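*Asks:* Sharing model28.pdb (PDB, C-alpha atoms) below.
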```pdb
ATOM      1  CA  MET A   1      12.424 -44.878  -9.532  1.00  0.00           C
ATOM      2  CA  GLU A   2      11.321 -45.276  -5.913  1.00  0.00           C
ATOM      3  CA  GLY A   3      10.867 -41.505  -5.628  1.00  0.00           C
ATOM      4  CA  LYS A   4       8.575 -41.528  -8.650  1.00  0.00           C
ATOM      5  CA  LYS A   5       6.337 -44.145  -7.017  1.00  0.00           C
ATOM      6  CA  LYS A   6       6.059 -42.031  -3.869  1.00  0.00           C
ATOM      7  CA  VAL A   7       5.120 -38.946  -5.873  1.00  0.00           C
ATOM      8  CA  ARG A   8       2.495 -40.918  -7.800  1.00  0.00           C
ATOM      9  CA  LYS A   9       1.076 -42.364  -4.615  1.00  0.00           C
ATOM     10  CA  LYS A  10       0.904 -38.942  -2.939  1.00  0.00           C
ATOM     11  CA  THR A  11      -0.657 -37.434  -6.065  1.00  0.00           C
ATOM     12  CA  PHE A  12      -3.267 -40.186  -6.146  1.00  0.00           C
ATOM     13  CA  TYR A  13      -4.185 -39.636  -2.471  1.00  0.00           C
ATOM     14  CA  LEU A  14      -4.294 -35.882  -2.993  1.00  0.00           C
ATOM     15  CA  TRP A  15      -6.583 -36.378  -5.987  1.00  0.00           C
ATOM     16  CA  LEU A  16      -8.875 -38.634  -3.915  1.00  0.00           C
ATOM     17  CA  ALA A  17      -8.956 -36.055  -1.121  1.00  0.00           C
ATOM     18  CA  VAL A  18      -9.842 -33.208  -3.509  1.00  0.00           C
ATOM     19  CA  ILE A  19     -12.625 -35.287  -5.097  1.00  0.00           C
ATOM     20  CA  GLY A  20     -13.924 -36.268  -1.649  1.00  0.00           C
ATOM     21  CA  ILE A  21     -13.925 -32.666  -0.436  1.00  0.00           C
ATOM     22  CA  LEU A  22     -15.648 -31.401  -3.590  1.00  0.00           C
ATOM     23  CA  LEU A  23     -18.326 -34.111  -3.424  1.00  0.00           C
ATOM     24  CA  THR A  24     -18.932 -33.396   0.255  1.00  0.00           C
ATOM     25  CA  LEU A  25     -19.220 -29.661  -0.409  1.00  0.00           C
ATOM     26  CA  TYR A  26     -21.546 -30.321  -3.319  1.00  0.00           C
ATOM     27  CA  PHE A  27     -23.915 -32.477  -1.293  1.00  0.00           C
ATOM     28  CA  LEU A  28     -23.820 -30.146   1.729  1.00  0.00           C
ATOM     29  CA  ASN A  29     -24.307 -26.890  -0.166  1.00  0.00           C
ATOM     30  CA  LYS A  30     -25.406 -27.223  -3.794  1.00  0.00           C
ATOM     31  CA  ASP A  31     -25.853 -23.442  -4.038  1.00  0.00           C
ATOM     32  CA  TRP A  32     -22.080 -22.997  -4.170  1.00  0.00           C
ATOM     33  CA  PHE A  33     -22.052 -24.920  -7.444  1.00  0.00           C
ATOM     34  CA  ASP A  34     -24.866 -22.986  -9.137  1.00  0.00           C
ATOM     35  CA  ILE A  35     -24.017 -22.280 -12.749  1.00  0.00           C
ATOM     36  CA  SER A  36     -27.466 -21.216 -13.925  1.00  0.00           C
ATOM     37  CA  PHE A  37     -25.962 -18.130 -15.606  1.00  0.00           C
ATOM     38  CA  LEU A  38     -24.332 -20.519 -18.090  1.00  0.00           C
ATOM     39  CA  GLN A  39     -27.681 -22.046 -19.000  1.00  0.00           C
ATOM     40  CA  GLY A  40     -29.040 -18.609 -19.923  1.00  0.00           C
ATOM     41  CA  PHE A  41     -26.117 -18.004 -22.288  1.00  0.00           C
ATOM     42  CA  VAL A  42     -26.574 -21.417 -23.898  1.00  0.00           C
ATOM     43  CA  ASP A  43     -30.308 -20.806 -24.346  1.00  0.00           C
ATOM     44  CA  ASP A  44     -29.631 -17.447 -26.030  1.00  0.00           C
ATOM     45  CA  HIS A  45     -26.820 -18.737 -28.295  1.00  0.00           C
ATOM     46  CA  LYS A  46     -27.561 -22.455 -28.706  1.00  0.00           C
ATOM     47  CA  VAL A  47     -26.393 -22.856 -32.319  1.00  0.00           C
ATOM     48  CA  LEU A  48     -23.112 -21.055 -31.612  1.00  0.00           C
ATOM     49  CA  VAL A  49     -22.463 -23.070 -28.437  1.00  0.00           C
ATOM     50  CA  ILE A  50     -23.176 -26.358 -30.221  1.00  0.00           C
ATOM     51  CA  ALA A  51     -20.872 -25.359 -33.099  1.00  0.00           C
ATOM     52  CA  ILE A  52     -18.014 -24.467 -30.723  1.00  0.00           C
ATOM     53  CA  TYR A  53     -18.568 -27.608 -28.640  1.00  0.00           C
ATOM     54  CA  LEU A  54     -18.575 -29.828 -31.752  1.00  0.00           C
ATOM     55  CA  THR A  55     -15.436 -28.126 -33.068  1.00  0.00           C
ATOM     56  CA  ILE A  56     -13.624 -28.827 -29.811  1.00  0.00           C
ATOM     57  CA  LEU A  57     -14.829 -32.455 -29.797  1.00  0.00           C
ATOM     58  CA  THR A  58     -13.735 -32.877 -33.410  1.00  0.00           C
ATOM     59  CA  LEU A  59     -10.262 -31.380 -33.070  1.00  0.00           C
ATOM     60  CA  ILE A  60      -9.386 -32.913 -29.712  1.00  0.00           C
ATOM     61  CA  GLY A  61      -8.882 -36.242 -31.484  1.00  0.00           C
ATOM     62  CA  LEU A  62      -5.722 -34.928 -33.094  1.00  0.00           C
ATOM     63  CA  THR A  63      -4.125 -34.205 -29.725  1.00  0.00           C
ATOM     64  CA  PHE A  64      -4.360 -37.537 -27.837  1.00  0.00           C
ATOM     65  CA  ILE A  65      -5.950 -35.556 -24.997  1.00  0.00           C
ATOM     66  CA  PRO A  66      -8.801 -37.582 -23.463  1.00  0.00           C
ATOM     67  CA  SER A  67     -12.161 -36.095 -24.371  1.00  0.00           C
ATOM     68  CA  THR A  68     -13.892 -37.274 -21.183  1.00  0.00           C
ATOM     69  CA  ARG A  69     -13.691 -33.850 -19.527  1.00  0.00           C
ATOM     70  CA  VAL A  70     -15.115 -32.183 -22.615  1.00  0.00           C
ATOM     71  CA  ASP A  71     -17.834 -34.837 -22.850  1.00  0.00           C
ATOM     72  CA  MET A  72     -18.832 -34.241 -19.248  1.00  0.00           C
ATOM     73  CA  ALA A  73     -18.698 -30.464 -19.672  1.00  0.00           C
ATOM     74  CA  GLY A  74     -21.488 -30.922 -22.185  1.00  0.00           C
ATOM     75  CA  LEU A  75     -23.771 -31.748 -19.265  1.00  0.00           C
ATOM     76  CA  LEU A  76     -23.250 -28.226 -17.973  1.00  0.00           C
ATOM     77  CA  LEU A  77     -24.484 -26.897 -21.296  1.00  0.00           C
ATOM     78  CA  PHE A  78     -27.140 -29.323 -22.521  1.00  0.00           C
ATOM     79  CA  PRO A  79     -29.598 -31.927 -21.203  1.00  0.00           C
ATOM     80  CA  ALA A  80     -28.217 -35.480 -20.937  1.00  0.00           C
ATOM     81  CA  LEU A  81     -29.754 -36.914 -24.107  1.00  0.00           C
ATOM     82  CA  GLU A  82     -28.743 -33.873 -26.141  1.00  0.00           C
ATOM     83  CA  THR A  83     -25.207 -34.103 -24.736  1.00  0.00           C
ATOM     84  CA  PHE A  84     -25.037 -37.767 -25.701  1.00  0.00           C
ATOM     85  CA  ILE A  85     -26.234 -37.101 -29.274  1.00  0.00           C
ATOM     86  CA  ILE A  86     -23.848 -34.165 -29.757  1.00  0.00           C
ATOM     87  CA  ASN A  87     -20.975 -36.241 -28.358  1.00  0.00           C
ATOM     88  CA  MET A  88     -21.743 -39.061 -30.809  1.00  0.00           C
ATOM     89  CA  ILE A  89     -21.667 -36.570 -33.705  1.00  0.00           C
ATOM     90  CA  GLY A  90     -18.351 -35.260 -32.334  1.00  0.00           C
ATOM     91  CA  ILE A  91     -16.971 -38.792 -32.131  1.00  0.00           C
ATOM     92  CA  ILE A  92     -17.903 -39.472 -35.771  1.00  0.00           C
ATOM     93  CA  SER A  93     -16.295 -36.239 -36.984  1.00  0.00           C
ATOM     94  CA  SER A  94     -13.203 -36.728 -34.823  1.00  0.00           C
ATOM     95  CA  THR A  95     -12.810 -40.305 -36.038  1.00  0.00           C
ATOM     96  CA  ALA A  96     -13.057 -39.142 -39.656  1.00  0.00           C
ATOM     97  CA  ILE A  97     -10.442 -36.430 -39.195  1.00  0.00           C
ATOM     98  CA  VAL A  98      -7.985 -38.672 -37.352  1.00  0.00           C
ATOM     99  CA  TYR A  99      -8.556 -41.567 -39.778  1.00  0.00           C
ATOM    100  CA  TYR A 100      -8.042 -39.542 -42.947  1.00  0.00           C
ATOM    101  CA  PHE A 101      -5.364 -37.162 -41.619  1.00  0.00           C
ATOM    102  CA  THR A 102      -3.236 -40.152 -40.671  1.00  0.00           C
ATOM    103  CA  ARG A 103      -2.917 -41.059 -44.335  1.00  0.00           C
ATOM    104  CA  TYR A 104      -2.897 -37.512 -45.693  1.00  0.00           C
ATOM    105  CA  LEU A 105      -0.040 -36.442 -43.438  1.00  0.00           C
ATOM    106  CA  GLY A 106       1.864 -39.672 -44.067  1.00  0.00           C
ATOM    107  CA  LEU A 107       1.725 -40.657 -40.406  1.00  0.00           C
ATOM    108  CA  ASP A 108       0.872 -44.212 -41.385  1.00  0.00           C
ATOM    109  CA  LYS A 109       4.235 -44.622 -43.130  1.00  0.00           C
ATOM    110  CA  TRP A 110       6.099 -42.883 -40.302  1.00  0.00           C
ATOM    111  CA  VAL A 111       4.466 -45.081 -37.636  1.00  0.00           C
ATOM    112  CA  GLU A 112       5.247 -48.207 -39.650  1.00  0.00           C
ATOM    113  CA  MET A 113       8.909 -47.205 -40.068  1.00  0.00           C
ATOM    114  CA  LYS A 114       9.273 -46.164 -36.421  1.00  0.00           C
ATOM    115  CA  PHE A 115       7.569 -49.189 -34.832  1.00  0.00           C
ATOM    116  CA  PRO A 116       7.713 -52.059 -37.346  1.00  0.00           C
ATOM    117  CA  ASP A 117       7.534 -54.865 -34.765  1.00  0.00           C
ATOM    118  CA  LYS A 118       4.621 -53.372 -32.854  1.00  0.00           C
ATOM    119  CA  ILE A 119       2.749 -52.570 -36.064  1.00  0.00           C
ATOM    120  CA  GLU A 120       3.192 -56.136 -37.311  1.00  0.00           C
ATOM    121  CA  LYS A 121       1.952 -57.548 -34.006  1.00  0.00           C
ATOM    122  CA  THR A 122      -1.022 -55.163 -34.029  1.00  0.00           C
ATOM    123  CA  ARG A 123      -1.713 -55.964 -37.693  1.00  0.00           C
ATOM    124  CA  LYS A 124      -1.852 -59.700 -36.906  1.00  0.00           C
ATOM    125  CA  ALA A 125      -4.177 -59.158 -33.942  1.00  0.00           C
ATOM    126  CA  LEU A 126      -6.433 -56.791 -35.855  1.00  0.00           C
ATOM    127  CA  SER A 127      -6.564 -58.976 -38.970  1.00  0.00           C
ATOM    128  CA  LYS A 128      -8.328 -61.681 -36.986  1.00  0.00           C
ATOM    129  CA  LYS A 129     -10.772 -59.572 -34.987  1.00  0.00           C
ATOM    130  CA  GLU A 130     -10.794 -55.977 -36.197  1.00  0.00           C
ATOM    131  CA  LEU A 131     -14.196 -54.867 -34.913  1.00  0.00           C
ATOM    132  CA  PRO A 132     -14.056 -56.481 -31.430  1.00  0.00           C
ATOM    133  CA  ILE A 133     -10.581 -55.051 -30.824  1.00  0.00           C
ATOM    134  CA  ILE A 134     -11.629 -51.550 -31.910  1.00  0.00           C
ATOM    135  CA  VAL A 135     -14.766 -51.729 -29.727  1.00  0.00           C
ATOM    136  CA  GLY A 136     -12.824 -53.070 -26.734  1.00  0.00           C
ATOM    137  CA  TRP A 137     -10.098 -50.470 -27.120  1.00  0.00           C
ATOM    138  CA  SER A 138     -12.673 -47.671 -27.441  1.00  0.00           C
ATOM    139  CA  ILE A 139     -14.641 -48.669 -24.356  1.00  0.00           C
ATOM    140  CA  PHE A 140     -11.540 -48.971 -22.164  1.00  0.00           C
ATOM    141  CA  PRO A 141     -11.090 -45.496 -20.620  1.00  0.00           C
ATOM    142  CA  VAL A 142      -7.372 -45.781 -19.845  1.00  0.00           C
ATOM    143  CA  VAL A 143      -6.138 -45.965 -23.448  1.00  0.00           C
ATOM    144  CA  PRO A 144      -6.608 -43.205 -26.040  1.00  0.00           C
ATOM    145  CA  THR A 145      -9.183 -44.120 -28.665  1.00  0.00           C
ATOM    146  CA  ASP A 146      -7.376 -41.854 -31.133  1.00  0.00           C
ATOM    147  CA  LEU A 147      -4.464 -44.296 -31.132  1.00  0.00           C
ATOM    148  CA  ILE A 148      -6.553 -47.229 -32.368  1.00  0.00           C
ATOM    149  CA  ILE A 149      -7.979 -44.952 -35.065  1.00  0.00           C
ATOM    150  CA  TYR A 150      -4.445 -44.026 -36.198  1.00  0.00           C
ATOM    151  CA  VAL A 151      -3.475 -47.697 -36.231  1.00  0.00           C
ATOM    152  CA  ALA A 152      -6.675 -48.757 -38.032  1.00  0.00           C
ATOM    153  CA  SER A 153      -6.066 -46.112 -40.678  1.00  0.00           C
ATOM    154  CA  SER A 154      -2.428 -47.024 -41.141  1.00  0.00           C
ATOM    155  CA  LEU A 155      -3.378 -50.706 -41.453  1.00  0.00           C
ATOM    156  CA  ARG A 156      -6.036 -49.799 -44.043  1.00  0.00           C
ATOM    157  CA  ILE A 157      -8.959 -51.119 -42.011  1.00  0.00           C
ATOM    158  CA  SER A 158     -12.127 -49.741 -43.594  1.00  0.00           C
ATOM    159  CA  TYR A 159     -13.385 -46.423 -42.248  1.00  0.00           C
ATOM    160  CA  LEU A 160     -16.874 -47.862 -41.785  1.00  0.00           C
ATOM    161  CA  LYS A 161     -15.596 -50.695 -39.609  1.00  0.00           C
ATOM    162  CA  CYS A 162     -13.426 -48.265 -37.636  1.00  0.00           C
ATOM    163  CA  VAL A 163     -16.207 -45.744 -37.005  1.00  0.00           C
ATOM    164  CA  ILE A 164     -18.712 -48.472 -36.062  1.00  0.00           C
ATOM    165  CA  GLY A 165     -16.230 -49.920 -33.559  1.00  0.00           C
ATOM    166  CA  VAL A 166     -15.440 -46.517 -32.078  1.00  0.00           C
ATOM    167  CA  LEU A 167     -19.132 -45.582 -31.886  1.00  0.00           C
ATOM    168  CA  LEU A 168     -20.020 -48.825 -30.111  1.00  0.00           C
ATOM    169  CA  GLY A 169     -17.186 -48.522 -27.589  1.00  0.00           C
ATOM    170  CA  GLU A 170     -17.254 -44.767 -27.017  1.00  0.00           C
ATOM    171  CA  GLY A 171     -21.050 -44.747 -27.191  1.00  0.00           C
ATOM    172  CA  ALA A 172     -21.310 -47.228 -24.335  1.00  0.00           C
ATOM    173  CA  LEU A 173     -18.716 -45.355 -22.307  1.00  0.00           C
ATOM    174  CA  ASN A 174     -20.336 -41.963 -22.968  1.00  0.00           C
ATOM    175  CA  ALA A 175     -23.776 -43.319 -22.111  1.00  0.00           C
ATOM    176  CA  LEU A 176     -22.438 -44.672 -18.825  1.00  0.00           C
ATOM    177  CA  TYR A 177     -20.705 -41.399 -17.926  1.00  0.00           C
ATOM    178  CA  ILE A 178     -23.405 -39.003 -19.067  1.00  0.00           C
ATOM    179  CA  PHE A 179     -26.532 -40.756 -17.845  1.00  0.00           C
ATOM    180  CA  SER A 180     -25.068 -41.885 -14.522  1.00  0.00           C
ATOM    181  CA  PHE A 181     -23.702 -38.382 -13.852  1.00  0.00           C
ATOM    182  CA  ASP A 182     -27.069 -36.908 -14.805  1.00  0.00           C
ATOM    183  CA  PHE A 183     -28.875 -39.374 -12.533  1.00  0.00           C
ATOM    184  CA  PHE A 184     -26.676 -38.780  -9.483  1.00  0.00           C
ATOM    185  CA  PHE A 185     -25.893 -35.080  -9.736  1.00  0.00           C
ATOM    186  CA  LYS A 186     -28.886 -33.361 -11.348  1.00  0.00           C
TER     187      LYS A 186
END
```
Reformat the file's structure so that it appears as structure tokens.
*Replies:*
Amino acid sequence: MEGKKKVRKKTFYLWLAVIGILLTLYFLNKDWFDISFLQGFVDDHKVLVIAIYLTILTLIGLTFIPSTRVDMAGLLLFPALETFIINMIGIISSTAIVYYFTRYLGLDKWVEMKFPDKIEKTRKALSKKELPIIVGWSIFPVVPTDLIIYVASSLRISYLKCVIGVLLGEGALNALYIFSFDFFFK
């Protein structure tokens, strides 16, 4: 266990060093990070690029892989406001797929059988304050939003309430990421 902590600590410091070096290089020589060729491709094939980007955003919800990197990659392809709007459309479609696939695939029954105590505790918490919990969960970047969507679906919380909560939480988080990144790095 002690060895694991050391590895985590070293990994964290290595990650900080890499980020620091990349930021320093970026500010000292922005030409090294020129990706203008990508903008030309996007301009020539905008509909195709948007379709592929939305497909990735939609399907990533089924994987529990955080979409933050994909969200931020949108800034390489589109202006900030356009990235935000496309990301919100992707969040709606991803939420719908995760919400309805949970029931269709029977994951709701499996989750309830596998974790009955945790589901009951979550059900009690959500029954009192569904929307605030979904919003809070969605805005907190450390936990996967897809998980609260699975739970909301399995607990039969309405899709409308679920998608509104996810949009409010993820929308605030995306706005913070996208517009602050655009402000500082473009």
*Asks:* For CA of Gly40 in chain A and CA of Ile52 in chain A, quote the distance in Å rounded to one decimal.
*Replies:*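 Going from CA of Gly40 in chain A over to CA of Ile52 in chain A covers 16.5 Å.
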*Asks:* Counting all atoms listed in the file, which of A:Ala152, A:Asp43, A:Ile89, A:Leu62 gets nearest to Val111 in chain A?
*Replies:*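 With all atoms listed in the file as the atom set, the closest residue is A:Ala152.
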*Asks:* Give me the result of the PyMOL selection byres ((chain A and resi 97) around 8) on this file, residue by residue, as a VMD selection string.
*Replies:* chain A and resid 58 to 59 61 to 62 93 to 96 98 to 101
*Asks:* With 3 Å of padding per side, what axis-aligned box (centre and edge lengths, Å, one decimal) covers all the listed atoms of range 129-147 of chain A? Give it as JSON.
*Replies:*
```
{"center_x": -9.6, "center_y": -50.7, "center_z": -28.0, "size_x": 16.3, "size_y": 23.7, "size_z": 22.4}
```
*Asks:* A:Ile65, A:Ile133, A:Ile149, A:Leu81: which is nearest Leu176 in chain A, counting all atoms listed in the file?
*Replies:*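 Of A:Ile65, A:Ile133, A:Ile149, A:Leu81, the one nearest Leu176 in chain A is A:Leu81, counting all atoms listed in the file.
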*Asks:* CA of Ile178 in chain A and CA of Ile139 in chain A, how far apart in Å?
*Replies:*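 The value is 14.1 Å.
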*Asks:* Between A:Leu22, A:Gly74, A:Ser158, A:Arg103, which residue has the minimum interatomic distance to Val49 in chain A, considering only C-alpha atoms?
*Replies:*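 Residue with the minimum atom-to-atom distance to Val49 in chain A: A:Gly74.
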*Asks:* With distances taken over all atoms listed in the file, which residue among A:Gly106, A:Pro66, A:Gly171, A:Pro79 lies nearest Val143 in chain A?
*Replies:*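 The shortest atom-to-atom distance to Val143 in chain A comes from A:Pro66.
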*Asks:* I need the residue set behind the PyMOL selection byres ((chain A and resi 177) around 12) for this file; please write it as JSON, numbers by chain.
*Replies:* {"A": [67, 68, 69, 70, 71, 72, 73, 74, 75, 80, 81, 83, 84, 87, 139, 141, 170, 171, 172, 173, 174, 175, 176, 178, 179, 180, 181, 182, 183, 184, 185]}
*Asks:* When you count only C-alpha atoms, which of these residues is closest to Leu54 in chain A: A:Val135, A:Lys114, A:Ile148, A:Ile92?
*Replies:*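 For Leu54 in chain A, the nearest of the given residues is A:Ile92.
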*Asks:* With all atoms listed in the file as the atoms that count, which of A:Leu76, A:Leu131, A:Ser154, A:Val142 lies nearest to Trp110 in chain A?
*Replies:*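 Residue with the minimum atom-to-atom distance to Trp110 in chain A: A:Ser154.
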*Asks:* Could you work out how far CA of Ile134 in chain A lies from CA of Gly165 in chain A, giving the answer in Å with one decimal?
*Replies:*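 Separation between CA of Gly165 in chain A and CA of Ile134 in chain A: 5.2 Å.
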*Asks:* If we count all atoms listed in the file, what is near Ile86 in chain A at a cut-off of 8 Å, once residues fewer than 4 positions away on the same chain are taken out, given as a PyMOL selection string?
*Replies:* chain A and resi 50+54+82+90
*Asks:* Might you spell out which residues the PyMOL selection byres ((chain A and resi 119) around 12) would select in the displayed file, as a PDB file with C-alpha atoms, in the coordinates of the input?
*Replies:*
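Output below, filename part.pdb:
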```
ATOM      1  CA  ASP A 108       0.872 -44.212 -41.385  1.00  0.00           C
ATOM      2  CA  LYS A 109       4.235 -44.622 -43.130  1.00  0.00           C
ATOM      3  CA  TRP A 110       6.099 -42.883 -40.302  1.00  0.00           C
ATOM      4  CA  VAL A 111       4.466 -45.081 -37.636  1.00  0.00           C
ATOM      5  CA  GLU A 112       5.247 -48.207 -39.650  1.00  0.00           C
ATOM      6  CA  MET A 113       8.909 -47.205 -40.068  1.00  0.00           C
ATOM      7  CA  LYS A 114       9.273 -46.164 -36.421  1.00  0.00           C
ATOM      8  CA  PHE A 115       7.569 -49.189 -34.832  1.00  0.00           C
ATOM      9  CA  PRO A 116       7.713 -52.059 -37.346  1.00  0.00           C
ATOM     10  CA  ASP A 117       7.534 -54.865 -34.765  1.00  0.00           C
ATOM     11  CA  LYS A 118       4.621 -53.372 -32.854  1.00  0.00           C
ATOM     12  CA  GLU A 120       3.192 -56.136 -37.311  1.00  0.00           C
ATOM     13  CA  LYS A 121       1.952 -57.548 -34.006  1.00  0.00           C
ATOM     14  CA  THR A 122      -1.022 -55.163 -34.029  1.00  0.00           C
ATOM     15  CA  ARG A 123      -1.713 -55.964 -37.693  1.00  0.00           C
ATOM     16  CA  LYS A 124      -1.852 -59.700 -36.906  1.00  0.00           C
ATOM     17  CA  ALA A 125      -4.177 -59.158 -33.942  1.00  0.00           C
ATOM     18  CA  LEU A 126      -6.433 -56.791 -35.855  1.00  0.00           C
ATOM     19  CA  SER A 127      -6.564 -58.976 -38.970  1.00  0.00           C
ATOM     20  CA  ILE A 148      -6.553 -47.229 -32.368  1.00  0.00           C
ATOM     21  CA  TYR A 150      -4.445 -44.026 -36.198  1.00  0.00           C
ATOM     22  CA  VAL A 151      -3.475 -47.697 -36.231  1.00  0.00           C
ATOM     23  CA  ALA A 152      -6.675 -48.757 -38.032  1.00  0.00           C
ATOM     24  CA  SER A 153      -6.066 -46.112 -40.678  1.00  0.00           C
ATOM     25  CA  SER A 154      -2.428 -47.024 -41.141  1.00  0.00           C
ATOM     26  CA  LEU A 155      -3.378 -50.706 -41.453  1.00  0.00           C
TER      27      LEU A 155
END
```
